[in-house]
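Below is work_14.pdb, holding PDB, C-alpha atoms.
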```pdb
ATOM      1  CA  MET A   1    -134.359 -68.725-146.921
ATOM      2  CA  ASN A   2    -131.263 -67.145-145.386
ATOM      3  CA  THR A   3    -132.945 -66.958-141.988
ATOM      4  CA  ILE A   4    -133.947 -70.606-142.137
ATOM      5  CA  GLY A   5    -130.460 -71.625-143.199
ATOM      6  CA  HIS A   6    -128.915 -69.622-140.354
ATOM      7  CA  VAL A   7    -131.227 -71.248-137.812
ATOM      8  CA  GLY A   8    -130.397 -74.676-139.210
ATOM      9  CA  ARG A   9    -126.679 -74.100-138.845
ATOM     10  CA  ALA A  10    -126.781 -72.586-135.391
ATOM     11  CA  PRO A  11    -127.038 -75.819-133.359
ATOM     12  CA  SER A  12    -124.076 -77.398-135.143
ATOM     13  CA  LYS A  13    -122.040 -74.239-134.590
ATOM     14  CA  ILE A  14    -122.866 -74.355-130.885
ATOM     15  CA  VAL A  15    -121.818 -78.017-130.717
ATOM     16  CA  VAL A  16    -118.495 -77.287-132.458
ATOM     17  CA  SER A  17    -117.867 -74.312-130.183
ATOM     18  CA  THR A  18    -118.707 -76.364-127.087
ATOM     19  CA  ILE A  19    -116.211 -79.018-128.165
ATOM     20  CA  LEU A  20    -113.560 -76.320-128.592
ATOM     21  CA  LEU A  21    -114.320 -74.933-125.124
ATOM     22  CA  SER A  22    -113.938 -78.424-123.638
ATOM     23  CA  LYS A  23    -110.258 -78.409-124.699
ATOM     24  CA  PRO A  24    -110.389 -81.800-126.494
ATOM     25  CA  GLY A  25    -106.637 -82.347-126.487
ATOM     26  CA  ILE A  26    -106.465 -81.960-122.724
ATOM     27  CA  ILE A  27    -109.519 -84.098-121.931
ATOM     28  CA  LEU A  28    -108.269 -86.920-124.166
ATOM     29  CA  SER A  29    -104.955 -86.785-122.319
ATOM     30  CA  VAL A  30    -106.867 -86.930-119.021
ATOM     31  CA  ALA A  31    -108.777 -90.018-120.167
ATOM     32  CA  PHE A  32    -105.593 -91.676-121.419
ATOM     33  CA  THR A  33    -103.661 -91.163-118.189
ATOM     34  CA  GLY A  34    -106.722 -92.439-116.331
ATOM     35  CA  VAL A  35    -106.627 -95.640-118.379
ATOM     36  CA  ALA A  36    -102.915 -95.973-117.558
ATOM     37  CA  GLY A  37    -103.819 -95.753-113.864
ATOM     38  CA  MET A  38    -106.459 -98.453-114.343
ATOM     39  CA  VAL A  39    -104.039-100.791-116.108
ATOM     40  CA  LEU A  40    -101.431-100.226-113.399
ATOM     41  CA  ALA A  41    -103.897-101.064-110.625
ATOM     42  CA  ASN A  42    -105.264-104.092-112.484
ATOM     43  CA  ARG A  43    -101.859-105.283-113.737
ATOM     44  CA  GLY A  44    -103.476-105.509-117.145
ATOM     45  CA  ILE A  45    -106.494-104.335-119.129
ATOM     46  CA  PRO A  46    -109.510-103.965-116.789
ATOM     47  CA  PRO A  47    -113.012-105.227-117.706
ATOM     48  CA  LEU A  48    -114.493-103.313-120.659
ATOM     49  CA  GLY A  49    -117.566-102.071-118.784
ATOM     50  CA  LEU A  50    -115.492-100.664-115.925
ATOM     51  CA  THR A  51    -113.098 -99.024-118.368
ATOM     52  CA  LEU A  52    -115.902 -97.353-120.320
ATOM     53  CA  LEU A  53    -117.589 -96.021-117.172
ATOM     54  CA  THR A  54    -114.322 -94.603-115.861
ATOM     55  CA  VAL A  55    -113.360 -93.029-119.184
ATOM     56  CA  VAL A  56    -116.798 -91.409-119.570
ATOM     57  CA  ALA A  57    -116.610 -90.061-116.002
ATOM     58  CA  LEU A  58    -113.147 -88.651-116.664
ATOM     59  CA  LEU A  59    -114.091 -87.133-120.031
ATOM     60  CA  LEU A  60    -117.211 -85.459-118.663
ATOM     61  CA  SER A  61    -115.538 -84.113-115.517
ATOM     62  CA  ALA A  62    -112.570 -82.788-117.504
ATOM     63  CA  ALA A  63    -114.795 -81.278-120.215
ATOM     64  CA  GLY A  64    -117.067 -79.661-117.638
ATOM     65  CA  SER A  65    -114.104 -78.215-115.754
ATOM     66  CA  ALA A  66    -112.513 -76.931-118.972
ATOM     67  CA  ILE A  67    -115.704 -75.202-120.119
ATOM     68  CA  LEU A  68    -116.137 -73.600-116.699
ATOM     69  CA  ASN A  69    -112.490 -72.518-116.843
ATOM     70  CA  ASN A  70    -113.200 -70.644-120.079
ATOM     71  CA  VAL A  71    -116.084 -68.818-118.441
ATOM     72  CA  LEU A  72    -114.046 -67.883-115.359
ATOM     73  CA  ASP A  73    -111.025 -66.835-117.425
ATOM     74  CA  LYS A  74    -112.919 -64.867-120.061
ATOM     75  CA  GLN A  75    -111.415 -61.486-119.165
ATOM     76  CA  ILE A  76    -107.875 -62.886-119.220
ATOM     77  CA  ASP A  77    -108.388 -64.914-122.399
ATOM     78  CA  THR A  78    -109.607 -61.894-124.378
ATOM     79  CA  LEU A  79    -106.167 -60.322-123.851
ATOM     80  CA  MET A  80    -104.282 -63.374-125.171
ATOM     81  CA  SER A  81    -104.072 -63.684-128.951
ATOM     82  CA  ARG A  82    -103.433 -67.450-128.911
ATOM     83  CA  LEU A  83    -106.802 -68.005-127.207
ATOM     84  CA  SER A  84    -108.896 -65.976-129.631
ATOM     85  CA  LYS A  85    -110.704 -69.056-130.959
ATOM     86  CA  ARG A  86    -111.838 -70.022-127.468
ATOM     87  CA  VAL A  87    -113.058 -66.477-126.840
ATOM     88  CA  ASP A  88    -115.044 -66.588-130.085
ATOM     89  CA  ALA A  89    -116.417 -70.019-129.174
ATOM     90  CA  LEU A  90    -117.622 -68.717-125.811
ATOM     91  CA  GLU A  91    -119.406 -65.874-127.602
ATOM     92  CA  VAL A  92    -121.190 -68.424-129.795
ATOM     93  CA  VAL A  93    -122.267 -70.657-126.898
ATOM     94  CA  GLY A  94    -122.923 -67.881-124.394
ATOM     95  CA  GLU A  95    -121.656 -67.735-120.813
ATOM     96  CA  LYS A  96    -124.901 -68.909-119.204
ATOM     97  CA  THR A  97    -125.307 -71.840-121.614
ATOM     98  CA  ALA A  98    -121.638 -72.796-121.251
ATOM     99  CA  THR A  99    -121.942 -72.740-117.457
ATOM    100  CA  LEU A 100    -125.076 -74.884-117.595
ATOM    101  CA  ILE A 101    -123.418 -77.398-119.922
ATOM    102  CA  SER A 102    -120.365 -77.596-117.670
ATOM    103  CA  LEU A 103    -122.467 -78.230-114.574
ATOM    104  CA  VAL A 104    -124.486 -80.941-116.346
ATOM    105  CA  PHE A 105    -121.265 -82.662-117.476
ATOM    106  CA  ILE A 106    -119.847 -82.514-113.958
ATOM    107  CA  ALA A 107    -123.083 -83.766-112.369
ATOM    108  CA  VAL A 108    -123.301 -86.756-114.731
ATOM    109  CA  SER A 109    -119.634 -87.523-114.138
ATOM    110  CA  LEU A 110    -120.103 -87.555-110.364
ATOM    111  CA  PHE A 111    -123.234 -89.690-110.637
ATOM    112  CA  ILE A 112    -121.324 -92.305-112.647
ATOM    113  CA  SER A 113    -118.414 -92.214-110.238
ATOM    114  CA  PHE A 114    -120.334 -92.457-106.958
ATOM    115  CA  TYR A 115    -123.080 -94.787-108.188
ATOM    116  CA  TYR A 116    -121.165 -97.191-110.434
ATOM    117  CA  LEU A 117    -117.606 -96.943-109.111
ATOM    118  CA  ASN A 118    -116.854 -96.002-105.492
ATOM    119  CA  ALA A 119    -116.701 -93.126-103.006
ATOM    120  CA  VAL A 120    -112.910 -92.754-103.152
ATOM    121  CA  ASN A 121    -113.111 -92.422-106.921
ATOM    122  CA  GLY A 122    -115.851 -89.798-106.649
ATOM    123  CA  ALA A 123    -113.927 -87.836-104.026
ATOM    124  CA  LEU A 124    -110.877 -87.738-106.293
ATOM    125  CA  ILE A 125    -112.944 -86.455-109.217
ATOM    126  CA  ILE A 126    -114.343 -83.712-106.972
ATOM    127  CA  ALA A 127    -110.793 -82.861-105.900
ATOM    128  CA  ALA A 128    -109.692 -82.642-109.542
ATOM    129  CA  ILE A 129    -112.621 -80.397-110.477
ATOM    130  CA  LEU A 130    -112.197 -78.041-107.518
ATOM    131  CA  SER A 131    -108.413 -77.877-107.773
ATOM    132  CA  TYR A 132    -108.708 -76.809-111.419
ATOM    133  CA  THR A 133    -111.705 -74.478-111.420
ATOM    134  CA  LEU A 134    -111.247 -72.865-108.012
ATOM    135  CA  LEU A 135    -107.737 -73.424-106.629
ATOM    136  CA  TYR A 136    -105.805 -72.981-109.878
ATOM    137  CA  THR A 137    -108.056 -70.846-112.094
ATOM    138  CA  LEU A 138    -109.285 -68.355-109.514
ATOM    139  CA  TYR A 139    -106.292 -68.242-107.148
ATOM    140  CA  LEU A 140    -102.949 -69.817-108.041
ATOM    141  CA  LYS A 141    -102.891 -68.718-111.678
ATOM    142  CA  ARG A 142    -103.636 -65.138-110.720
ATOM    143  CA  SER A 143    -101.446 -64.828-107.644
ATOM    144  CA  SER A 144     -98.136 -66.680-107.892
ATOM    145  CA  PRO A 145     -95.463 -67.632-110.452
ATOM    146  CA  TYR A 146     -95.224 -70.931-108.566
ATOM    147  CA  GLY A 147     -98.928 -71.628-109.035
ATOM    148  CA  THR A 148     -98.195 -74.144-111.771
ATOM    149  CA  ILE A 149     -96.509 -76.487-109.287
ATOM    150  CA  LEU A 150     -99.582 -77.065-107.133
ATOM    151  CA  GLY A 151    -101.726 -76.357-110.188
ATOM    152  CA  GLY A 152    -100.535 -79.704-111.540
ATOM    153  CA  LEU A 153    -102.967 -81.463-109.193
ATOM    154  CA  PRO A 154    -105.950 -81.603-111.577
ATOM    155  CA  GLY A 155    -103.709 -82.986-114.314
ATOM    156  CA  ALA A 156    -102.192 -85.650-112.071
ATOM    157  CA  LEU A 157    -105.324 -86.780-110.216
ATOM    158  CA  PRO A 158    -106.825 -88.593-113.263
ATOM    159  CA  VAL A 159    -104.134 -91.247-112.780
ATOM    160  CA  LEU A 160    -105.529 -91.921-109.309
ATOM    161  CA  VAL A 161    -109.117 -91.679-110.542
ATOM    162  CA  GLY A 162    -108.338 -94.493-112.955
ATOM    163  CA  TYR A 163    -106.415 -96.426-110.323
ATOM    164  CA  THR A 164    -109.191 -96.245-107.727
ATOM    165  CA  ALA A 165    -111.820 -97.332-110.239
ATOM    166  CA  VAL A 166    -110.069-100.712-110.025
ATOM    167  CA  ASN A 167    -108.695-100.613-106.491
ATOM    168  CA  SER A 168    -109.834 -98.044-103.929
ATOM    169  CA  HIS A 169    -106.605 -98.630-101.967
ATOM    170  CA  ILE A 170    -103.832 -96.648-103.674
ATOM    171  CA  GLY A 171    -100.519 -98.506-103.748
ATOM    172  CA  VAL A 172     -96.955 -97.250-104.130
ATOM    173  CA  ASP A 173     -97.178 -97.777-107.891
ATOM    174  CA  GLY A 174    -100.156 -95.426-108.147
ATOM    175  CA  ILE A 175     -98.369 -92.814-106.056
ATOM    176  CA  ILE A 176     -95.293 -93.015-108.311
ATOM    177  CA  LEU A 177     -97.358 -92.438-111.449
ATOM    178  CA  PHE A 178     -99.207 -89.586-109.733
ATOM    179  CA  VAL A 179     -95.933 -87.905-108.700
ATOM    180  CA  PHE A 180     -94.591 -88.399-112.237
ATOM    181  CA  MET A 181     -97.540 -86.443-113.621
ATOM    182  CA  MET A 182     -97.128 -83.768-110.928
ATOM    183  CA  LEU A 183     -93.468 -83.273-111.861
ATOM    184  CA  TRP A 184     -94.098 -83.504-115.612
ATOM    185  CA  GLN A 185     -96.616 -80.675-115.783
ATOM    186  CA  PRO A 186     -94.526 -77.689-114.549
ATOM    187  CA  PRO A 187     -91.756 -77.917-117.201
ATOM    188  CA  HIS A 188     -94.417 -78.746-119.799
ATOM    189  CA  PHE A 189     -96.332 -75.559-118.954
ATOM    190  CA  TRP A 190     -93.258 -73.405-118.372
ATOM    191  CA  ALA A 191     -92.100 -74.170-121.923
ATOM    192  CA  LEU A 192     -95.474 -72.927-123.170
ATOM    193  CA  ALA A 193     -95.256 -69.874-120.916
ATOM    194  CA  GLN A 194     -91.802 -69.088-122.293
ATOM    195  CA  LYS A 195     -93.126 -69.243-125.856
ATOM    196  CA  TYR A 196     -96.130 -67.009-125.093
ATOM    197  CA  LYS A 197     -94.475 -64.826-122.473
ATOM    198  CA  LEU A 198     -95.719 -61.586-124.039
ATOM    199  CA  ASP A 199     -99.275 -62.922-124.203
ATOM    200  CA  TYR A 200     -99.258 -63.699-120.483
ATOM    201  CA  LYS A 201     -97.629 -60.352-119.681
ATOM    202  CA  ARG A 202    -100.305 -58.512-121.660
ATOM    203  CA  ALA A 203    -103.015 -60.390-119.773
ATOM    204  CA  GLY A 204    -101.414 -59.657-116.407
ATOM    205  CA  VAL A 205    -100.906 -63.323-115.513
ATOM    206  CA  PRO A 206     -97.798 -63.700-113.288
ATOM    207  CA  VAL A 207     -96.436 -66.867-114.869
ATOM    208  CA  MET A 208     -92.825 -67.638-114.009
ATOM    209  CA  PRO A 209     -91.161 -66.146-117.149
ATOM    210  CA  VAL A 210     -93.097 -62.892-116.592
ATOM    211  CA  ALA A 211     -92.603 -62.619-112.826
ATOM    212  CA  LEU A 212     -89.148 -64.145-112.359
ATOM    213  CA  GLY A 213     -87.559 -64.003-115.797
ATOM    214  CA  SER A 214     -86.599 -66.492-118.496
ATOM    215  CA  LYS A 215     -83.272 -67.532-116.942
ATOM    216  CA  PHE A 216     -84.807 -68.553-113.634
ATOM    217  CA  THR A 217     -87.615 -70.356-115.482
ATOM    218  CA  ASN A 218     -85.071 -72.277-117.554
ATOM    219  CA  VAL A 219     -83.311 -73.441-114.398
ATOM    220  CA  MET A 220     -86.625 -74.700-113.029
ATOM    221  CA  ILE A 221     -87.404 -76.432-116.321
ATOM    222  CA  LEU A 222     -84.062 -78.229-116.109
ATOM    223  CA  LEU A 223     -84.499 -79.314-112.484
ATOM    224  CA  TYR A 224     -87.963 -80.740-113.031
ATOM    225  CA  SER A 225     -87.126 -82.362-116.365
ATOM    226  CA  ILE A 226     -84.044 -84.137-115.017
ATOM    227  CA  ALA A 227     -86.084 -85.611-112.142
ATOM    228  CA  LEU A 228     -88.523 -87.358-114.496
ATOM    229  CA  LEU A 229     -86.246 -90.052-115.941
ATOM    230  CA  PRO A 230     -85.243 -91.693-112.626
ATOM    231  CA  LEU A 231     -88.820 -91.363-111.385
ATOM    232  CA  SER A 232     -90.205 -93.143-114.445
ATOM    233  CA  LEU A 233     -87.629 -95.905-113.988
ATOM    234  CA  SER A 234     -88.693 -96.478-110.386
ATOM    235  CA  LEU A 235     -91.670 -98.457-111.741
ATOM    236  CA  TRP A 236     -89.107-100.817-113.263
ATOM    237  CA  ILE A 237     -86.725-100.786-110.288
ATOM    238  CA  LEU A 238     -89.580-101.748-107.960
ATOM    239  CA  HIS A 239     -90.643-104.522-110.385
ATOM    240  CA  TYR A 240     -94.012-103.077-111.341
ATOM    241  CA  CYS A 241     -92.921-102.990-114.991
ATOM    242  CA  SER A 242     -90.530-105.108-117.041
ATOM    243  CA  ASP A 243     -87.243-104.466-118.822
ATOM    244  CA  TYR A 244     -89.154-103.651-122.007
ATOM    245  CA  TYR A 245     -90.873-100.738-120.306
ATOM    246  CA  ALA A 246     -87.478 -99.601-119.008
ATOM    247  CA  VAL A 247     -86.000 -99.534-122.515
ATOM    248  CA  PHE A 248     -88.737 -97.250-123.822
ATOM    249  CA  ALA A 249     -88.609 -95.112-120.669
ATOM    250  CA  ILE A 250     -84.848 -94.634-121.009
ATOM    251  CA  ILE A 251     -84.859 -93.865-124.753
ATOM    252  CA  SER A 252     -87.800 -91.466-124.617
ATOM    253  CA  GLY A 253     -86.544 -89.962-121.350
ATOM    254  CA  LEU A 254     -83.083 -89.235-122.727
ATOM    255  CA  TYR A 255     -84.515 -87.582-125.838
ATOM    256  CA  PHE A 256     -86.897 -85.546-123.689
ATOM    257  CA  GLU A 257     -83.998 -84.434-121.485
ATOM    258  CA  TYR A 258     -81.952 -83.505-124.563
ATOM    259  CA  VAL A 259     -84.706 -81.336-126.064
ATOM    260  CA  MET A 260     -85.560 -79.622-122.768
ATOM    261  CA  ILE A 261     -81.900 -78.976-121.856
ATOM    262  CA  ARG A 262     -81.112 -77.679-125.347
ATOM    263  CA  SER A 263     -84.138 -75.404-125.285
ATOM    264  CA  ALA A 264     -83.295 -74.047-121.831
ATOM    265  CA  VAL A 265     -79.607 -73.493-122.576
ATOM    266  CA  LYS A 266     -80.257 -71.789-125.917
ATOM    267  CA  ASN A 267     -83.360 -69.990-124.654
ATOM    268  CA  THR A 268     -85.274 -70.938-127.779
ATOM    269  CA  ASP A 269     -87.398 -73.670-129.450
ATOM    270  CA  TYR A 270     -89.924 -73.681-126.621
ATOM    271  CA  GLY A 271     -92.654 -74.835-128.987
ATOM    272  CA  LYS A 272     -90.633 -77.961-129.749
ATOM    273  CA  ALA A 273     -89.953 -78.491-126.046
ATOM    274  CA  PHE A 274     -93.683 -78.230-125.303
ATOM    275  CA  GLY A 275     -94.586 -80.705-128.032
ATOM    276  CA  THR A 276     -91.818 -83.118-127.047
ATOM    277  CA  SER A 277     -93.005 -83.135-123.447
ATOM    278  CA  ILE A 278     -96.459 -84.288-124.603
ATOM    279  CA  ILE A 279     -94.965 -87.070-126.723
ATOM    280  CA  TYR A 280     -92.721 -88.158-123.848
ATOM    281  CA  MET A 281     -95.607 -88.412-121.402
ATOM    282  CA  LEU A 282     -97.684 -90.387-123.913
ATOM    283  CA  ILE A 283     -94.809 -92.805-124.581
ATOM    284  CA  ILE A 284     -94.436 -93.483-120.864
ATOM    285  CA  MET A 285     -98.177 -94.176-120.548
ATOM    286  CA  VAL A 286     -98.331 -96.322-123.700
ATOM    287  CA  SER A 287     -95.250 -98.294-122.620
ATOM    288  CA  LEU A 288     -96.793 -98.946-119.225
ATOM    289  CA  ILE A 289    -100.146 -99.997-120.697
ATOM    290  CA  LEU A 290     -98.610-102.324-123.298
ATOM    291  CA  ASP A 291     -96.091-103.825-120.890
ATOM    292  CA  LEU A 292     -98.617-104.724-118.201
ATOM    293  CA  SER A 293    -101.340-105.748-120.658
ATOM    294  CA  LEU A 294     -99.140-108.111-122.645
ATOM    295  CA  ARG A 295     -97.634-109.600-119.494
ATOM    296  CA  SER A 296    -101.060-110.234-117.977
ATOM    297  CA  ALA A 297    -102.134-111.954-121.190
ATOM    298  CA  ASN A 298     -98.925-114.026-121.214
ATOM    299  CA  VAL A 299     -98.022-112.705-124.634
ATOM    300  CA  PRO A 300     -94.289-113.171-125.367
ATOM    301  CA  ILE A 301     -92.578-109.849-126.048
ATOM    302  CA  GLY A 302     -89.549-109.373-128.212
ATOM    303  CA  GLY A 303     -89.140-112.927-129.446
ATOM    304  CA  PHE A 304     -85.887-113.680-127.590
TER     305      PHE A 304
END
```
Can you dump the structure from the file as structure tokens?
Amino acid sequence: MNTIGHVGRAPSKIVVSTILLSKPGIILSVAFTGVAGMVLANRGIPPLGLTLLTVVALLLSAAGSAILNNVLDKQIDTLMSRLSKRVDALEVVGEKTATLISLVFIAVSLFISFYYLNAVNGALIIAAILSYTLLYTLYLKRSSPYGTILGGLPGALPVLVGYTAVNSHIGVDGIILFVFMMLWQPPHFWALAQKYKLDYKRAGVPVMPVALGSKFTNVMILLYSIALLPLSLSLWILHYCSDYYAVFAIISGLYFEYVMIRSAVKNTDYGKAFGTSIIYMLIIMVSLILDLSLRSANVPIGGF
């Protein structure tokens, strides 16, 4: 009876572990920023079928890359206490099975992109996959404290993947949103690296706080964070978004700046800074999506 029960539970445990290895929070963020790129390119909500295909392609490519990342980073992850659940999940799934699942996810994602969308879209998904699994995971992360800067590519490219699903020609608006995501990711990650500095040091990963110290990292956090507010407002200045978007961008941007500056100056509360950066990015994306969607539908906003 016990043997039968164990066998019956095993598949569900593998599924749960696979979901954990796919880094669900990250892949949902990838899909969401992709949708923002689609709305920006379409100046409103795109057709449902196109949206679903693009979101599925993004989710599968991001999940496949994340699972492969866990396999490639296994030796590092075992030395980091905060990643113990992922290490355990990989033990449950098995390295060979996890690799196979990741490759199937990636293959299906690329099929959807090239067959149902377009070649530019597919090329960008390939670039996102390779920049994460090979460029960042196997090289930048292990070799340079500045690796996070270029390592932001796979997190920023989903914006363009979404954009090119609608329009294969990338406009200035798409480039602005892409650069915003590129600049957002370093301070977001550096706050996390500050919080788990000892974990990274134990694992031998030369993140900026470990290699160059907390003070230098705080200066970099400040420089990157301060650049985000004017960059987000450029979508309003160039008339891609309305005054309503600008209001939300200013309010959320100022609060984000306050939290990041306070954290850097006091050299503390990095967990709050990390969480606030996620909320700030989501507010920018939601504001953009709502602004363009309501305008395209000719829905009056604000009532005055």
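Here the PyMOL selection byres ((chain A and resi 183-198) around 7) catches exactly these residues: Thr148, Ile149, Gly152, Val179, Phe180, Met181, Met182, Asp199, Tyr200, Lys201, Arg202, Val207, Pro209, Val210, Ser214, Ile221, Tyr224, Ser225, Leu228, Tyr270, Gly271, Ala273, Phe274 and Ser277 of chain A.
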Target residues per the PyMOL selection byres ((chain A and resi 32) around 10), formatted as a ChimeraX atom specification: /A:26-31,33-38,55,58-59,158-159,162,282,285-286,289
Can you write just those residues out, C-alpha atoms, as a tab-separated table (two decimals), in the coordinates of the input?
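Listing of out.tsv after writing:
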```tsv
chain	number	residue	atom	x	y	z
A	26	ILE	CA	-106.46	-81.96	-122.72
A	27	ILE	CA	-109.52	-84.10	-121.93
A	28	LEU	CA	-108.27	-86.92	-124.17
A	29	SER	CA	-104.96	-86.78	-122.32
A	30	VAL	CA	-106.87	-86.93	-119.02
A	31	ALA	CA	-108.78	-90.02	-120.17
A	33	THR	CA	-103.66	-91.16	-118.19
A	34	GLY	CA	-106.72	-92.44	-116.33
A	35	VAL	CA	-106.63	-95.64	-118.38
A	36	ALA	CA	-102.92	-95.97	-117.56
A	37	GLY	CA	-103.82	-95.75	-113.86
A	38	MET	CA	-106.46	-98.45	-114.34
A	55	VAL	CA	-113.36	-93.03	-119.18
A	58	LEU	CA	-113.15	-88.65	-116.66
A	59	LEU	CA	-114.09	-87.13	-120.03
A	158	PRO	CA	-106.82	-88.59	-113.26
A	159	VAL	CA	-104.13	-91.25	-112.78
A	162	GLY	CA	-108.34	-94.49	-112.96
A	282	LEU	CA	-97.68	-90.39	-123.91
A	285	MET	CA	-98.18	-94.18	-120.55
A	286	VAL	CA	-98.33	-96.32	-123.70
A	289	ILE	CA	-100.15	-100.00	-120.70
```
Selection result of the PyMOL selection byres ((chain A and resi 145) around 7) on this file, as an MDAnalysis selection string: chainID A and resid 144 146:147 206:208 211
Atomic separation - atom CA of A:Val172 relative to atom CA of A:Gly253, Å: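 Separation between atom CA of A:Gly253 and atom CA of A:Val172: 21.4 Å.
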Atom pair atom CA of A:Leu229 / atom CA of A:Ala156: separation (Å): 17.0 Å
For A:Val205, the nearest of the candidates A:Ile279, A:Met80, A:Leu135, A:Ile261, counting only C-alpha atoms: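 Looking at the shortest contact to A:Val205, the residue is A:Met80.
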Pick from A:Lys215, A:Arg43, A:Lys74, A:Lys13 nearest to A:Leu290, counting all atoms listed in the file: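 Using all atoms listed in the file, A:Leu290 sits closest to A:Arg43.
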